[in-house]
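Q: Have a look at this one before I ask anything.
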Number of protein chains: 6
Amino acid sequence: SKDTWEKESFVGVVTGLAWTAVGGEILFVESSISKGKGNLTLTGNLGDVMKESAVLALEYLKSHVDKLGLDAAVLEENNFHVHVPEGAIPKDGPSAGITMVTSIASILSGRKVKPRLAMTGEITLRGKVLPVGGIKEKILAAKRAGIQDIILSRENRKDVDEIKPIYLEGLNFHFVETILDVLDLALEA
Amino acid sequence: SKDTWEKESFVGVVTGLAWTAVGGEILFVESSISKGKGNLTLTGNLGDVMKESAVLALEYLKSHVDKLGLDAAVLEENNFHVHVPEGAIPKDGPSAGITMVTSIASILSGRKVKPRLAMTGEITLRGKVLPVGGIKEKILAAKRAGIQDIILSRENRKDVDEIKPIYLEGLNFHFVETILDVLDLALEA
Amino acid sequence: SKDTWEKESFVGVVTGLAWTAVGGEILFVESSISKGKGNLTLTGNLGDVMKESAVLALEYLKSHVDKLGLDAAVLEENNFHVHVPEGAIPKDGPSAGITMVTSIASILSGRKVKPRLAMTGEITLRGKVLPVGGIKEKILAAKRAGIQDIILSRENRKDVDEIKPIYLEGLNFHFVETILDVLDLALEA
Amino acid sequence: SKDTWEKESFVGVVTGLAWTAVGGEILFVESSISKGKGNLTLTGNLGDVMKESAVLALEYLKSHVDKLGLDAAVLEENNFHVHVPEGAIPKDGPSAGITMVTSIASILSGRKVKPRLAMTGEITLRGKVLPVGGIKEKILAAKRAGIQDIILSRENRKDVDEIKPIYLEGLNFHFVETILDVLDLALEA
Amino acid sequence: SKDTWEKESFVGVVTGLAWTAVGGEILFVESSISKGKGNLTLTGNLGDVMKESAVLALEYLKSHVDKLGLDAAVLEENNFHVHVPEGAIPKDGPSAGITMVTSIASILSGRKVKPRLAMTGEITLRGKVLPVGGIKEKILAAKRAGIQDIILSRENRKDVDEIKPIYLEGLNFHFVETILDVLDLALEA
Amino acid sequence: SKDTWEKESFVGVVTGLAWTAVGGEILFVESSISKGKGNLTLTGNLGDVMKESAVLALEYLKSHVDKLGLDAAVLEENNFHVHVPEGAIPKDGPSAGITMVTSIASILSGRKVKPRLAMTGEITLRGKVLPVGGIKEKILAAKRAGIQDIILSRENRKDVDEIKPIYLEGLNFHFVETILDVLDLALEA
Ligand SMILES: [Ca+2]
Ligand SMILES: [Ca+2]
Ligand SMILES: [Ca+2]
Ligand SMILES: [Ca+2]
Ligand SMILES: [Ca+2]
Ligand SMILES: [Ca+2]
Ligand SMILES: [Ca+2]
Ligand SMILES: [Ca+2]
Ligand SMILES: [Ca+2]
Ligand SMILES: [Ca+2]
Ligand SMILES: [Ca+2]
Ligand SMILES: [Ca+2]
């Protein structure tokens, strides 16, 4: 079924943009937290590269607790679970990296994700946001789903510039360099 | 053999609806609890996606203990086992999600599952119930097995509307949005 | 070599009935117990479904300690090992379920298994005994091996009714619904 | 290279008989013990069924400590290692079972294995010794290697009876029913 | 996208040189540290040989803490994560060894990596730097990316000598024998 | 590149002889030690049989601490790492057994390995040294690399006797029966 933006904001739920065999699509990344020992569980029929994005996301947060104002104890005394519905569809690739780090940061900080916002971009361990492919298809999917704000790597600006302006109407683009930029834009105060 | 609804209600036993190569079928999801450390064991010849449904179900309950009035200590000091008979038949897909979360919630709370009730739907980590396929075949199977109440995702209502009314006689449909809706409908007070 | 019933009864040794490419056969399920932490070891060249039967058997006993009058500490402070000779022959399928649960219950309780008794049936986590295939071939094998009493699921009664009476001479059938029925019939007081 | 019996007896070293594509062969099973937590390590390019024989052997000893006069603490506070030279040759099958249980029992008790003795037979968890194949080829290999005493399952007596007496000259056969029989015959007082 | 040297130096980020199907390329190795028990996590779509390089790198540092002036407690009380962007590209081979050991040593010591520096070379457990292939293509890639200093194994000097001088203009080569040489050259005081 | 003997002796570094598709070669086995719990890490693109040699080597040393004058606490309170450069080349087979046990014994005792010495031979758990193949090619490789002393299994003497004397000039052969013989010959006092 065609997915649309969720009217309600949830802590830990972030809208990503995926590029599939049949075109662009929005997807949701969900995170939860429960008492534990810092373990990470991944579900949603994810391939190895997509699983690595979640591992990177959690490790980035663990190794930057001070910079991010997070509580180190919360990271050590809980387990984390990242899920990408829908379970019947295999998913892979690095482009959900910024969606995953935002989702986990939201659940950790209790800050909601801004509504009508979607994002796509690979992350690295030092917090850089790398460009990804399928930008045109992803933007069309975001528009169909009612998204208003889109976060992309600064290195993807050239891909947006190549799209006819009519397709970009009503969309605000936010080009970022680092995960810190993403979290500032995506999480409500 | 053709399965029918069970006259007796059991704590932890829930009737699901499956869609197989030979049509719709009812299946049972069984859960048990025994002293342990919060581990989850899965049996019944289950594929990876179906196993992920059980992982999601337990994690949803763990991360919502307060909202659900569950005892966090019970989740930490016991092991859980989810089984889907019959062992000779491979089973997969996300559609047993709501059946699994109801089964584990029943065993955790000690509340019985209402009789003559069946269900099918994917779950997500935030508690949303997603639509699934094979609705017509599943409804026919439920009717043959003597089921009276069926729980489906609200997004599957359109699939029910396309079925000839004669096939729906004697069945009550409950369309839900969240796992909380499912548990309210399925568990006896 | 052709196996026959064992003159001596052993605690933990139970005769099962298997259905193979070359007809029915009797097999033995053996269990042992040694100091440990509740772990289960499985040997005998067993396929995944047959291994799941043993996991189900032990979990059923763990989650019904009170009902069965077992000592919970014995389950937590020992390891269990279930073996099905002969190691050169691959074995699979769910039909050894009742044989396995009887074997482990025998070793746990110290009660011997009644002589000249064989059984076949799938178990579920709630303790139901499900019907299995190959009933005619299994009964012929049991007779050849000198068995006198056979335990089957009540849902397999119809399969016995279809066999010519001459093949059933000298055999007593016990049709059961639950694991509790099996243990009552199989274990000496 | 052609192996022969070892002039020296070693604690933990036992001569087995194997049946390979190129005929019978003798092989050695070696066991060692070192401080640990009861773990078992297996080396020698062993297939799954042969590994299960070693698991069975150690479990048999663990679950019969009292009957065998072993010290339970020694089993819990040490690791065990079973090796079958030569590493370049894949080995499999259940017939080294009695060789393995004798090797571990020797290392546990400190009792040497009698010289010029070889054996072949499958073991079960309750301590039964089952017959194995390739008896004629194995006996010829034992003779070539200078073996004088051979331990076999009682159920393999018929295979020996079919061999021409001239091939059996100088060999003493010991037909056994249980692991206890094997240990009595193989270990020096 | 074409990568260039990073204007900013980061602790834990080191530029390596890779040789791919389409020619030479620069790549980054990133390391992070977070509270833990000395575990190592590896991401970036790495093959087994490249993963072994990271294992070797960490083990070299662990087994030379005194020589390197590192704090043994820091190695025991933290987890380490080594990542090689970009996740969509499979990477393998031993030639990132010196890049990895420099990255982890940087994060451990807090010393930044010198700017406009790249390196390629296999490491061994005793700290030797072995020569690697694709030197010409790697040097061209380094030049394109604005690199000024290149570290290579002394055994690769002959490969550099075979390259036309014009391609080497503006590049300084540092030929090394040991990991200690690499760390002296690469880490700021 | 063609490897030669190392002018410097290192603790834990031992020269082995390998037989590859392209003839004989020398290889190095390196071991290191760092604080830990007795775990063994293996790197160098090693096949299962070669990994088993390292497991055997460490287990031999663990189970003979008294005989070898080793400190049992050192074995329990450290981790061991065995590496065989070069990572790009897959390596397998049992013939590095004596090289591995010498390398670990060197690192454990702090005794250096004698210079210009190479070795090849399979080990067993009881400490026997078994013959290996490719002796002629290995000896030629050793000579090319400047080796003076070669340790072989006594059962490989016949293979040396078949080589023309001119190829053996300047080489001293040491034929051994046990690991103890190897360690006596290889480690400096
Ligand atoms: Ca969708
Ligand atoms: Ca949907
Ligand atoms: Ca059915
Ligand atoms: Ca049924
Ligand atoms: Ca049989
Ligand atoms: Ca038999
Ligand atoms: Ca041989
Ligand atoms: Ca040999
Ligand atoms: Ca690139
Ligand atoms: Ca890039
Ligand atoms: Ca070489
Ligand atoms: Ca080399």
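Ligands are numbered from 1 in the order shown, residues from 1 within each chain, and chains are lettered A, B, ... in the order they appear in the structure tokens.
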Kindly compile the residues surrounding ligand 11 within 12 Å, counting only C-alpha atoms and all ligand atoms, and format them as a ChimeraX atom specification.

A: /E:130-132 /F:1-5,15-20,22-28,84-91,141,145

Q: Kindly save the residues from that selection, with C-alpha atoms included, as a tab-separated table (two decimals), in the first residue's frame.

A:
```
chain	number	residue	atom	x	y	z
E	130	LEU	CA	54.94	-6.00	3.99
E	131	PRO	CA	54.76	-4.79	0.39
E	132	VAL	CA	51.45	-4.69	-1.48
F	1	SER	CA	58.25	-11.44	-3.14
F	2	LYS	CA	60.91	-13.97	-2.33
F	3	ASP	CA	61.31	-14.31	1.40
F	4	THR	CA	64.62	-14.96	3.11
F	5	TRP	CA	65.58	-15.83	6.64
F	15	THR	CA	60.20	-20.11	9.99
F	16	GLY	CA	58.06	-22.87	8.48
F	17	LEU	CA	58.20	-24.64	5.14
F	18	ALA	CA	55.14	-24.77	2.91
F	19	TRP	CA	54.35	-26.64	-0.26
F	20	THR	CA	52.21	-24.70	-2.71
F	22	VAL	CA	54.07	-23.21	-7.45
F	23	GLY	CA	56.61	-25.17	-5.41
F	24	GLY	CA	58.10	-24.91	-1.94
F	25	GLU	CA	58.14	-21.68	0.06
F	26	ILE	CA	59.18	-20.47	3.45
F	27	LEU	CA	56.53	-18.88	5.63
F	28	PHE	CA	56.65	-17.28	9.03
F	84	VAL	CA	50.76	-16.40	9.28
F	85	PRO	CA	51.63	-13.63	6.81
F	86	GLU	CA	50.77	-12.97	3.97
F	87	GLY	CA	47.03	-12.32	4.24
F	88	ALA	CA	46.24	-12.45	0.53
F	89	ILE	CA	47.33	-16.10	0.22
F	90	PRO	CA	45.00	-18.86	1.49
F	91	LYS	CA	46.89	-21.44	3.54
F	141	ALA	CA	62.93	-23.43	-0.82
F	145	ALA	CA	66.16	-18.63	1.59
```

Q: Could you list, as a list of chain:residue names, every residue within 9 Å of Glu59 (chain E), counting only C-alpha atoms and ignoring same-chain residues fewer than 2 positions away?

A: E:Ala54, E:Val55, E:Leu56, E:Ala57, E:Leu61, E:Lys62, E:Ser63, E:His64, E:Leu125, F:Ser32, F:Ile33, F:Ser34, F:His81

Q: I need the residues of region 39-100 of chain A that end up classed as strand (DSSP E or B) by DSSP on the backbone, written out as a VMD selection string.

A: chain A and resid 40 to 43 46 78 to 83 91

Q: Between CA of Met50 (chain D) and CA of Ser109 (chain D), measure the distance and give it in Å to one decimal.

A: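 It comes out at 23.2 Å.
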
Q: Report, in Å to a single decimal, how far apart CA of Gly110 (chain A) and CA of Val176 (chain A) are.

A: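 Taking CA of Val176 (chain A) and CA of Gly110 (chain A), their separation equals 22.8 Å.
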
Q: Would you tabulate, counting only C-alpha atoms and all ligand atoms, all residues of chain A that have an atom at most 12 Å from an atom of ligand 10, showing the closest pair of atoms and their distance in Å to one decimal, sorted by chain then ascending number, as a Markdown table?

A:
```
| residue | atom | partner | partner_atom_place_in_ligand_line | distance |
| --- | --- | --- | --- | --- |
| A:Gly121 | CA | ligand 10 | 1 (Ca) | 11.6 |
| A:Glu122 | CA | ligand 10 | 1 (Ca) | 9.9 |
| A:Ile123 | CA | ligand 10 | 1 (Ca) | 11.0 |
| A:Thr124 | CA | ligand 10 | 1 (Ca) | 10.7 |
| A:Lys128 | CA | ligand 10 | 1 (Ca) | 10.3 |
| A:Val129 | CA | ligand 10 | 1 (Ca) | 9.6 |
| A:Leu130 | CA | ligand 10 | 1 (Ca) | 6.3 |
| A:Pro131 | CA | ligand 10 | 1 (Ca) | 7.0 |
| A:Val132 | CA | ligand 10 | 1 (Ca) | 9.2 |
| A:Gly133 | CA | ligand 10 | 1 (Ca) | 11.6 |
| A:Ser153 | CA | ligand 10 | 1 (Ca) | 10.7 |
| A:Arg154 | CA | ligand 10 | 1 (Ca) | 11.4 |
| A:Glu155 | CA | ligand 10 | 1 (Ca) | 8.5 |
| A:Asn156 | CA | ligand 10 | 1 (Ca) | 10.7 |
```
